[in-house]
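Colleague: Dumping the structure here so I can ask a few things about it.
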Amino acid sequence: MNPDDIFLWRAPGAPAVLPDGTAAVVAVSRPDAPDDDYRGGLWWVPLDGGAPRVLTRGHADSAPDVSPDGRWVAFVRRASGGRPQVHLVEAAGGEPFAVTAEPAGASEPRFSPDGTRIAYLARVADEGRYVPGEDARAEAPRLVTTFRYREDGLGFSRDRHLRLFVVDLPAAPGAEPAAPEAGTPLTPPGLDVASPRWFPSGDAVAVVAARHAEREDDLRRDALRVAVPATGAPAPAEPVLPVPLTDADAGSTLAVDVALPSADGRRVWLLASDAGPTGRDFVASLTGLFVLDLDGPAPAGTPRRLTDADEVDLEGVLVEHQGGVLVAEQRAGAVVLAHVDGDGTARTVLDGEVVVLGAGVGGGRVVVARATPDSAGDLVEVGDEPRVLTDLSADLRATGRLRTPRPLVAQAPDGYRVEGWLTTPDPERHAPGPYPTILMIHGGPFAQYTHALFDEVQVLAAAGYAVVHGNPRGSSGRGRAHGRAIRRAFGTVDTDDVLALLDQALADDRLDAARTGVMGGSYGGYLTAWLTTRTERFTAAVVERGFLDPVSFVGSSDIGWFFGLEYLGDAAVEPEVVAAQSPMAHVGAVRTPTLVIHSEEDWRCPVEQGQRWFVELKRRGVPSELLLFPGEGHELSRSGRPSHRLARFEHVLRWWRTHLPATTGDATTGDATTGDATTGDATTGTDAQGAVRHV
């Protein structure tokens, strides 16, 4: 990929399947250069033959849900510069119309079981806050009394809680109101809820929220049952308090992500992790599938875990199917689709080099959005043999610039197996090597690089670099022990593992062992910086949105009050233990030229982390630069403004051309040149940009 190939990127959301199984509806998103934004509409994808077609053409349409009778599609539409609102469109096609007009926008629409209402979420601002057209700088001061009061990518949150609403729908197509009706709030002020799912009776919605007395001191979240007034009944003066299905006040240790009532109303399926007796034991606490039996509207006992607490780690897919549920399981670089019965019996229904992004069921048919090494995502019908329904990455592949990563296995000094990938430049587009090599490190740390098409790797490979990336200890995808191996031991076995992967790759004579670089973001920024305090083997480094000083991180990060304390230790109690794992405590040892990249509104790894790293290097005479992105948060490289993502790629490649120039040229003639470190230009046989272009 070249940097501007990001405008060929097409990514699907989770599909919604019609009840009769004849078609699926999916949102497809793409970066758009003229608008410098993300655009996308809903696609109609037939399951019995026929080409996919566009169903809606909004600026940004997402999150479809199909009514139980298949007549309507509810979705979220965001106009350019506007707030997202829930809209309806006839499944047969037509002009969409809005059903909400929430001042701060609406999200997660869910049809009621009878199809007459939609539940949705909306933020409700405190009086005097976020008033359209008013100067936010003139607002009253904020009095903060809680640990959690802001979120990366959102901003301040305790003055605009996320509440559950319900709205009635028109009785028939063509009967839409002239203006959206006001939704009825179902949850009280001051309670943030998430993940609404209807009970089959239609008189309640399951949500997830932290509502227990100690919610400011731990990470537990409960599944709640929220009553819904009958259609036509007067709304209560105040929302009725939700009924806990899991109860942290009564001793539940679960952090629930999603609660899905079963179709027969006899149980609730839960995606949750166990936060332990302290409520903060989140380090490599695997997300599992639980089931909670019901006795009427109340729980009949405690949830039972159906998946292995030490080996099986699930992501956000939870769809009922054939008496059990479909879930997405992380497995060593893959995210596979599995079916789990109520007794815990599991079988894999889609595996291989795939990353499941979402799933939907209708008419007995299963449709999955999944990514692969040569696709950012497509719809696949799962059956005896997977049947691919779309080809959203065809334009990317047609460039001829995509490279397939090859599996890489190494042994750490203690014999531990380390898994990753090596991606090399196209020998027909570049000189045959040896290629300069970049070690890339993911964020998290409890996350994983996957088989999915990865723009970061592709852009570097297209510019003439070999790329090594993998999943050292501390990563997800290989069980609890693998993930917990670096608890209170940052920079130890994770360092051994990434260097073992790099050394294994450098045994390939196509790679230049004398010319290596290292880069990473968030925790990857941490380990990149840490490596430069340990060794001078790298020619240059890129430290992006890094976690660099665990001391100042506590309190400045939106998660800082618990993250460093649980992962590294408490500097107020054991300063030497924390310092032994802190890049900032060892910055004086760095001699490696470093590009520091940070977003000005990053509240996950606050910008002071990057600023201080840059200043400490600069004042010691280490060649360094600080690249700051205005208006961006922690997710810049994945979902930031497209022009900023493009600029980031160009600066990264400029840095590598300066400090680690790649040999490029016509491999068939043997003519080759290297990029000019003075001007940053590279000769490629195509164009100058063609040679160049996570926590």
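Residues are referred to by chain and number: the chain letter is A, B, ... according to the order shown in the structure tokens, the number counts from 1 in that chain, and ligands are numbered separately from 1 in the order shown.
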Could you give me, as a list in words, the residues within 9 Å of His644 of chain A, counting only C-alpha atoms and dropping anything in the same chain fewer than 5 positions from it?
Modeller: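 Residues near the query, excluding close chain neighbours: Asp36, Phe629, Glu632, Leu636, Ser637 and Phe649 of chain A.
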Colleague: Which residues, written as a list in words, have at least one atom at most 8 Å from segment 612-618 of chain A, with only C-alpha atoms counted and residues fewer than 5 positions away on the same chain left out?
Modeller: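 Within the cut-off, the hits are Leu548, Met584, Val587, Gly588, Val590, Val596, Pro623, Ser624, Glu625 and Leu626 of chain A.
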Colleague: Could you write those residues out with C-alpha atoms, as a PDB file, in the first residue's frame?
Modeller:
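The file below, selection-v4.pdb, is the result:
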```
ATOM      1  CA  LEU A 548       6.305   6.227  29.072  1.00  0.00           C
ATOM      2  CA  MET A 584      11.383   7.543  31.816  1.00  0.00           C
ATOM      3  CA  VAL A 587      15.847   7.834  29.519  1.00  0.00           C
ATOM      4  CA  GLY A 588      19.432   8.936  30.105  1.00  0.00           C
ATOM      5  CA  VAL A 590      18.923   6.434  25.109  1.00  0.00           C
ATOM      6  CA  VAL A 596       7.795  10.873  18.936  1.00  0.00           C
ATOM      7  CA  PRO A 623      18.333  13.359  17.432  1.00  0.00           C
ATOM      8  CA  SER A 624      14.580  13.584  17.967  1.00  0.00           C
ATOM      9  CA  GLU A 625      11.388  15.105  16.604  1.00  0.00           C
ATOM     10  CA  LEU A 626       7.918  15.574  18.072  1.00  0.00           C
TER      11      LEU A 626
END
```
Colleague: Could you give me, as a list in words, the residues within 6 Å of segment 402-409 of chain A, counting only C-alpha atoms and dropping anything in the same chain fewer than 5 positions from it?
Modeller: Val418, Glu419, Gly420, Trp421, Leu422 and Thr423 of chain A
Colleague: Keeping only N, CA and C atoms, write those residues as a PDB file, in the first residue's frame.
Modeller:
```pdb
ATOM      1  N   VAL A 418       7.481 -18.096  20.591  1.00  0.00           N
ATOM      2  CA  VAL A 418       6.999 -16.767  20.236  1.00  0.00           C
ATOM      3  C   VAL A 418       6.504 -16.814  18.794  1.00  0.00           C
ATOM      4  N   GLU A 419       5.330 -16.274  18.554  1.00  0.00           N
ATOM      5  CA  GLU A 419       4.698 -16.358  17.240  1.00  0.00           C
ATOM      6  C   GLU A 419       4.486 -14.981  16.645  1.00  0.00           C
ATOM      7  N   GLY A 420       4.695 -14.882  15.341  1.00  0.00           N
ATOM      8  CA  GLY A 420       4.488 -13.614  14.653  1.00  0.00           C
ATOM      9  C   GLY A 420       4.513 -13.802  13.151  1.00  0.00           C
ATOM     10  N   TRP A 421       4.863 -12.725  12.450  1.00  0.00           N
ATOM     11  CA  TRP A 421       4.869 -12.727  10.997  1.00  0.00           C
ATOM     12  C   TRP A 421       6.060 -11.919  10.471  1.00  0.00           C
ATOM     13  N   LEU A 422       6.494 -12.284   9.271  1.00  0.00           N
ATOM     14  CA  LEU A 422       7.482 -11.513   8.526  1.00  0.00           C
ATOM     15  C   LEU A 422       6.866 -11.139   7.183  1.00  0.00           C
ATOM     16  N   THR A 423       6.926  -9.861   6.859  1.00  0.00           N
ATOM     17  CA  THR A 423       6.431  -9.373   5.575  1.00  0.00           C
ATOM     18  C   THR A 423       7.600  -8.712   4.855  1.00  0.00           C
TER      19      THR A 423
END
```
Colleague: Please report, as JSON lines, each residue of segment 586-671 of chain A lying at most 12 Å from segment 518-526 of chain A, together with the nearest pair of atoms and the separation in Å rounded to one decimal; use only C-alpha atoms, and order rows by chain and ascending residue number.
Modeller:
```
{"residue": "A:Val587", "atom": "CA", "partner": "A:Tyr526", "partner_atom": "CA", "distance": 11.8}
{"residue": "A:Thr592", "atom": "CA", "partner": "A:Val518", "partner_atom": "CA", "distance": 10.1}
{"residue": "A:Pro593", "atom": "CA", "partner": "A:Val518", "partner_atom": "CA", "distance": 10.8}
{"residue": "A:Thr594", "atom": "CA", "partner": "A:Met519", "partner_atom": "CA", "distance": 9.4}
{"residue": "A:Leu595", "atom": "CA", "partner": "A:Met519", "partner_atom": "CA", "distance": 9.3}
{"residue": "A:Val596", "atom": "CA", "partner": "A:Gly525", "partner_atom": "CA", "distance": 9.1}
{"residue": "A:Ile597", "atom": "CA", "partner": "A:Gly521", "partner_atom": "CA", "distance": 8.8}
{"residue": "A:His598", "atom": "CA", "partner": "A:Gly521", "partner_atom": "CA", "distance": 9.3}
{"residue": "A:Ser599", "atom": "CA", "partner": "A:Ser522", "partner_atom": "CA", "distance": 11.5}
{"residue": "A:Asp602", "atom": "CA", "partner": "A:Ser522", "partner_atom": "CA", "distance": 10.6}
{"residue": "A:Trp603", "atom": "CA", "partner": "A:Ser522", "partner_atom": "CA", "distance": 11.5}
{"residue": "A:Arg604", "atom": "CA", "partner": "A:Ser522", "partner_atom": "CA", "distance": 8.6}
{"residue": "A:Cys605", "atom": "CA", "partner": "A:Ser522", "partner_atom": "CA", "distance": 6.8}
{"residue": "A:Pro606", "atom": "CA", "partner": "A:Ser522", "partner_atom": "CA", "distance": 10.3}
{"residue": "A:Val607", "atom": "CA", "partner": "A:Ser522", "partner_atom": "CA", "distance": 11.4}
{"residue": "A:Gln609", "atom": "CA", "partner": "A:Tyr526", "partner_atom": "CA", "distance": 10.2}
{"residue": "A:Gly610", "atom": "CA", "partner": "A:Gly525", "partner_atom": "CA", "distance": 9.5}
{"residue": "A:Trp613", "atom": "CA", "partner": "A:Tyr526", "partner_atom": "CA", "distance": 10.8}
{"residue": "A:Gly633", "atom": "CA", "partner": "A:Ser522", "partner_atom": "CA", "distance": 11.7}
{"residue": "A:His634", "atom": "CA", "partner": "A:Ser522", "partner_atom": "CA", "distance": 8.2}
{"residue": "A:Glu635", "atom": "CA", "partner": "A:Ser522", "partner_atom": "CA", "distance": 9.9}
{"residue": "A:Leu636", "atom": "CA", "partner": "A:Gly521", "partner_atom": "CA", "distance": 10.5}
{"residue": "A:Ser637", "atom": "CA", "partner": "A:Gly521", "partner_atom": "CA", "distance": 9.2}
{"residue": "A:Arg638", "atom": "CA", "partner": "A:Gly521", "partner_atom": "CA", "distance": 11.3}
{"residue": "A:Val652", "atom": "CA", "partner": "A:Met519", "partner_atom": "CA", "distance": 9.8}
{"residue": "A:Leu653", "atom": "CA", "partner": "A:Met519", "partner_atom": "CA", "distance": 11.9}
{"residue": "A:Trp655", "atom": "CA", "partner": "A:Met519", "partner_atom": "CA", "distance": 11.4}
{"residue": "A:Trp656", "atom": "CA", "partner": "A:Val518", "partner_atom": "CA", "distance": 10.2}
{"residue": "A:His659", "atom": "CA", "partner": "A:Val518", "partner_atom": "CA", "distance": 11.8}
{"residue": "A:Leu660", "atom": "CA", "partner": "A:Val518", "partner_atom": "CA", "distance": 10.8}
```
Colleague: With C-alpha atoms retained, write the just-selected residues as a PDB file, in the first residue's frame.
Modeller:
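The resulting out18.pdb:
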```pdb
ATOM      1  CA  VAL A 587      15.847   7.834  29.519  1.00  0.00           C
ATOM      2  CA  THR A 592      18.721   6.086  19.347  1.00  0.00           C
ATOM      3  CA  PRO A 593      17.270   8.806  17.071  1.00  0.00           C
ATOM      4  CA  THR A 594      13.563   8.900  17.877  1.00  0.00           C
ATOM      5  CA  LEU A 595      10.445  10.299  16.259  1.00  0.00           C
ATOM      6  CA  VAL A 596       7.795  10.873  18.936  1.00  0.00           C
ATOM      7  CA  ILE A 597       4.198  10.946  17.648  1.00  0.00           C
ATOM      8  CA  HIS A 598       1.304  11.982  19.844  1.00  0.00           C
ATOM      9  CA  SER A 599      -2.221  13.373  19.595  1.00  0.00           C
ATOM     10  CA  ASP A 602      -5.098  11.730  23.712  1.00  0.00           C
ATOM     11  CA  TRP A 603      -6.545  11.046  27.146  1.00  0.00           C
ATOM     12  CA  ARG A 604      -5.574   7.369  27.200  1.00  0.00           C
ATOM     13  CA  CYS A 605      -1.821   8.052  27.052  1.00  0.00           C
ATOM     14  CA  PRO A 606      -1.843  11.798  27.700  1.00  0.00           C
ATOM     15  CA  VAL A 607       0.222  14.047  25.470  1.00  0.00           C
ATOM     16  CA  GLN A 609       3.979  11.451  28.087  1.00  0.00           C
ATOM     17  CA  GLY A 610       5.228  12.095  24.559  1.00  0.00           C
ATOM     18  CA  TRP A 613      10.042  11.924  26.282  1.00  0.00           C
ATOM     19  CA  GLY A 633      -7.197  11.145  20.428  1.00  0.00           C
ATOM     20  CA  HIS A 634      -5.591   7.780  21.079  1.00  0.00           C
ATOM     21  CA  GLU A 635      -7.121   6.135  17.986  1.00  0.00           C
ATOM     22  CA  LEU A 636      -5.474   8.434  15.411  1.00  0.00           C
ATOM     23  CA  SER A 637      -3.819   5.685  13.362  1.00  0.00           C
ATOM     24  CA  ARG A 638      -7.021   3.635  13.187  1.00  0.00           C
ATOM     25  CA  VAL A 652       6.778   8.014   9.409  1.00  0.00           C
ATOM     26  CA  LEU A 653       8.176   7.173   5.977  1.00  0.00           C
ATOM     27  CA  TRP A 655      11.697   9.507   9.170  1.00  0.00           C
ATOM     28  CA  TRP A 656      12.639   6.025   7.992  1.00  0.00           C
ATOM     29  CA  HIS A 659      17.551   7.298   9.149  1.00  0.00           C
ATOM     30  CA  LEU A 660      17.014   3.900   7.538  1.00  0.00           C
TER      31      LEU A 660
END
```
Colleague: Give me every strand (DSSP E or B) residue in segment 238-281 of chain A, going by DSSP on the backbone, as number ranges by chain.
Modeller: A: 243-244, 254-261, 267-274
Colleague: Would you mind exporting the chosen residues as a PDB file, in the first residue's frame, restricted to N, CA and C atoms?
Modeller:
```
ATOM      1  N   VAL A 243     -33.501  -3.477  37.709  1.00  0.00           N
ATOM      2  CA  VAL A 243     -33.344  -4.621  38.602  1.00  0.00           C
ATOM      3  C   VAL A 243     -32.044  -5.330  38.261  1.00  0.00           C
ATOM      4  N   PRO A 244     -31.152  -5.534  39.231  1.00  0.00           N
ATOM      5  CA  PRO A 244     -29.885  -6.214  38.914  1.00  0.00           C
ATOM      6  C   PRO A 244     -30.096  -7.692  38.618  1.00  0.00           C
ATOM      7  N   LEU A 254     -18.123 -10.031  38.552  1.00  0.00           N
ATOM      8  CA  LEU A 254     -18.093  -9.964  37.100  1.00  0.00           C
ATOM      9  C   LEU A 254     -18.063  -8.529  36.587  1.00  0.00           C
ATOM     10  N   ALA A 255     -17.329  -8.345  35.506  1.00  0.00           N
ATOM     11  CA  ALA A 255     -17.404  -7.129  34.691  1.00  0.00           C
ATOM     12  C   ALA A 255     -18.119  -7.536  33.409  1.00  0.00           C
ATOM     13  N   VAL A 256     -19.412  -7.258  33.322  1.00  0.00           N
ATOM     14  CA  VAL A 256     -20.245  -7.721  32.223  1.00  0.00           C
ATOM     15  C   VAL A 256     -20.132  -6.747  31.058  1.00  0.00           C
ATOM     16  N   ASP A 257     -19.943  -7.288  29.851  1.00  0.00           N
ATOM     17  CA  ASP A 257     -19.887  -6.484  28.634  1.00  0.00           C
ATOM     18  C   ASP A 257     -21.211  -6.469  27.890  1.00  0.00           C
ATOM     19  N   VAL A 258     -21.860  -7.625  27.773  1.00  0.00           N
ATOM     20  CA  VAL A 258     -23.126  -7.751  27.057  1.00  0.00           C
ATOM     21  C   VAL A 258     -23.995  -8.756  27.798  1.00  0.00           C
ATOM     22  N   ALA A 259     -25.301  -8.451  27.886  1.00  0.00           N
ATOM     23  CA  ALA A 259     -26.282  -9.382  28.442  1.00  0.00           C
ATOM     24  C   ALA A 259     -27.363  -9.597  27.396  1.00  0.00           C
ATOM     25  N   LEU A 260     -27.541 -10.846  26.946  1.00  0.00           N
ATOM     26  CA  LEU A 260     -28.484 -11.177  25.881  1.00  0.00           C
ATOM     27  C   LEU A 260     -29.542 -12.131  26.405  1.00  0.00           C
ATOM     28  N   PRO A 261     -30.795 -11.671  26.582  1.00  0.00           N
ATOM     29  CA  PRO A 261     -31.862 -12.590  26.983  1.00  0.00           C
ATOM     30  C   PRO A 261     -32.125 -13.631  25.896  1.00  0.00           C
ATOM     31  N   ARG A 267     -33.353 -17.630  30.241  1.00  0.00           N
ATOM     32  CA  ARG A 267     -31.967 -17.415  30.645  1.00  0.00           C
ATOM     33  C   ARG A 267     -31.448 -16.129  30.028  1.00  0.00           C
ATOM     34  N   VAL A 268     -30.294 -15.699  30.512  1.00  0.00           N
ATOM     35  CA  VAL A 268     -29.579 -14.558  29.940  1.00  0.00           C
ATOM     36  C   VAL A 268     -28.147 -15.002  29.682  1.00  0.00           C
ATOM     37  N   TRP A 269     -27.709 -14.823  28.447  1.00  0.00           N
ATOM     38  CA  TRP A 269     -26.322 -15.090  28.082  1.00  0.00           C
ATOM     39  C   TRP A 269     -25.486 -13.857  28.406  1.00  0.00           C
ATOM     40  N   LEU A 270     -24.303 -14.056  28.953  1.00  0.00           N
ATOM     41  CA  LEU A 270     -23.436 -12.945  29.340  1.00  0.00           C
ATOM     42  C   LEU A 270     -22.054 -13.105  28.722  1.00  0.00           C
ATOM     43  N   LEU A 271     -21.517 -12.025  28.175  1.00  0.00           N
ATOM     44  CA  LEU A 271     -20.086 -11.913  27.928  1.00  0.00           C
ATOM     45  C   LEU A 271     -19.519 -11.106  29.091  1.00  0.00           C
ATOM     46  N   ALA A 272     -18.575 -11.697  29.809  1.00  0.00           N
ATOM     47  CA  ALA A 272     -18.069 -11.030  31.013  1.00  0.00           C
ATOM     48  C   ALA A 272     -16.685 -11.556  31.352  1.00  0.00           C
ATOM     49  N   SER A 273     -15.958 -10.753  32.109  1.00  0.00           N
ATOM     50  CA  SER A 273     -14.695 -11.196  32.696  1.00  0.00           C
ATOM     51  C   SER A 273     -14.839 -11.143  34.204  1.00  0.00           C
ATOM     52  N   ASP A 274     -13.968 -11.865  34.887  1.00  0.00           N
ATOM     53  CA  ASP A 274     -14.026 -11.938  36.346  1.00  0.00           C
ATOM     54  C   ASP A 274     -12.959 -11.008  36.914  1.00  0.00           C
TER      55      ASP A 274
END
```
Colleague: Interatomic distance between atom CA of Ala92 of chain A and atom CA of Ser29 of chain A?
Modeller: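 Computed distance, atom CA of Ala92 of chain A to atom CA of Ser29 of chain A, equals 21.6 Å.
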Colleague: Choose the residue, out of A:Val283, A:Leu646, A:Ala23, A:Ala662, that has the smallest atom-to-atom separation from Phe563 of chain A; count only C-alpha atoms.
Modeller: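 When distances to Phe563 of chain A are compared using only C-alpha atoms, the smallest one comes from A:Val283.
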Colleague: Which is closer to Ile438 of chain A than all the others in A:Gly517, A:Gly477, A:Pro299, A:Pro68, using only C-alpha atoms?
Modeller: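 Smallest separation from Ile438 of chain A among the options: A:Gly517.
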Colleague: Using only C-alpha atoms, find the one residue out of A:Thr307, A:Thr492, A:Ser475, A:Thr450 that sits nearest to Gly352 of chain A.
Modeller: A:Thr450
Colleague: Counting only C-alpha atoms, which residue out of A:Val54, A:Leu245, A:Leu42, A:Ala230 sits closest to Arg117 of chain A?
Modeller: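 Between A:Val54, A:Leu245, A:Leu42, A:Ala230, the residue approaching Arg117 of chain A most closely is A:Ala230.
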Colleague: Please identify all polymer residues within 10 Å of Arg488 of chain A, counting only C-alpha atoms, omitting same-chain residues fewer than 2 positions from it, and present them as a VMD selection string.
Modeller: chain A and resid 484 to 486 490 to 492 564 to 569 577 to 578 580 to 581
Colleague: Write to file, as a short mmCIF file (atom, residue, chain, number, x, y, z; two decimals), in the first residue's frame, the residues of the selection just made, with N, CA and C atoms.
Modeller:
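See result19.cif below for the written result:
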```cif
data_model
loop_
_atom_site.label_atom_id
_atom_site.label_comp_id
_atom_site.auth_asym_id
_atom_site.auth_seq_id
_atom_site.Cartn_x
_atom_site.Cartn_y
_atom_site.Cartn_z
N ARG A 484 -0.63 -12.82 31.50
CA ARG A 484 -0.21 -12.33 32.82
C ARG A 484 1.30 -12.41 33.03
N ALA A 485 2.03 -12.89 32.04
CA ALA A 485 3.47 -13.12 32.22
C ALA A 485 4.24 -11.84 32.50
N ILE A 486 3.69 -10.67 32.11
CA ILE A 486 4.43 -9.42 32.34
C ILE A 486 3.82 -8.58 33.46
N PHE A 490 6.94 -5.58 33.37
CA PHE A 490 7.05 -4.92 32.07
C PHE A 490 8.52 -4.83 31.67
N GLY A 491 8.77 -5.06 30.39
CA GLY A 491 10.13 -4.90 29.88
C GLY A 491 11.04 -6.07 30.17
N THR A 492 10.49 -7.23 30.55
CA THR A 492 11.32 -8.40 30.86
C THR A 492 11.15 -9.45 29.74
N GLY A 564 -1.66 1.34 35.63
CA GLY A 564 -0.28 1.17 36.08
C GLY A 564 -0.18 0.50 37.44
N LEU A 565 -1.14 0.79 38.31
CA LEU A 565 -1.11 0.19 39.65
C LEU A 565 -1.20 -1.32 39.58
N GLU A 566 -2.08 -1.83 38.70
CA GLU A 566 -2.26 -3.27 38.60
C GLU A 566 -1.18 -3.93 37.76
N TYR A 567 -0.71 -3.25 36.73
CA TYR A 567 0.26 -3.87 35.83
C TYR A 567 1.69 -3.77 36.35
N LEU A 568 2.07 -2.60 36.91
CA LEU A 568 3.47 -2.39 37.29
C LEU A 568 3.67 -2.32 38.79
N GLY A 569 2.71 -1.73 39.51
CA GLY A 569 2.85 -1.52 40.93
C GLY A 569 2.58 -0.07 41.30
N VAL A 577 10.42 -0.76 42.40
CA VAL A 577 9.81 -1.76 41.52
C VAL A 577 9.26 -1.09 40.27
N VAL A 578 8.58 0.03 40.44
CA VAL A 578 8.02 0.75 39.29
C VAL A 578 9.13 1.35 38.44
N ALA A 580 12.05 0.28 37.97
CA ALA A 580 12.73 -0.77 37.23
C ALA A 580 12.01 -1.12 35.94
N GLN A 581 10.74 -0.71 35.81
CA GLN A 581 9.95 -0.99 34.61
C GLN A 581 9.64 0.27 33.80
#
```
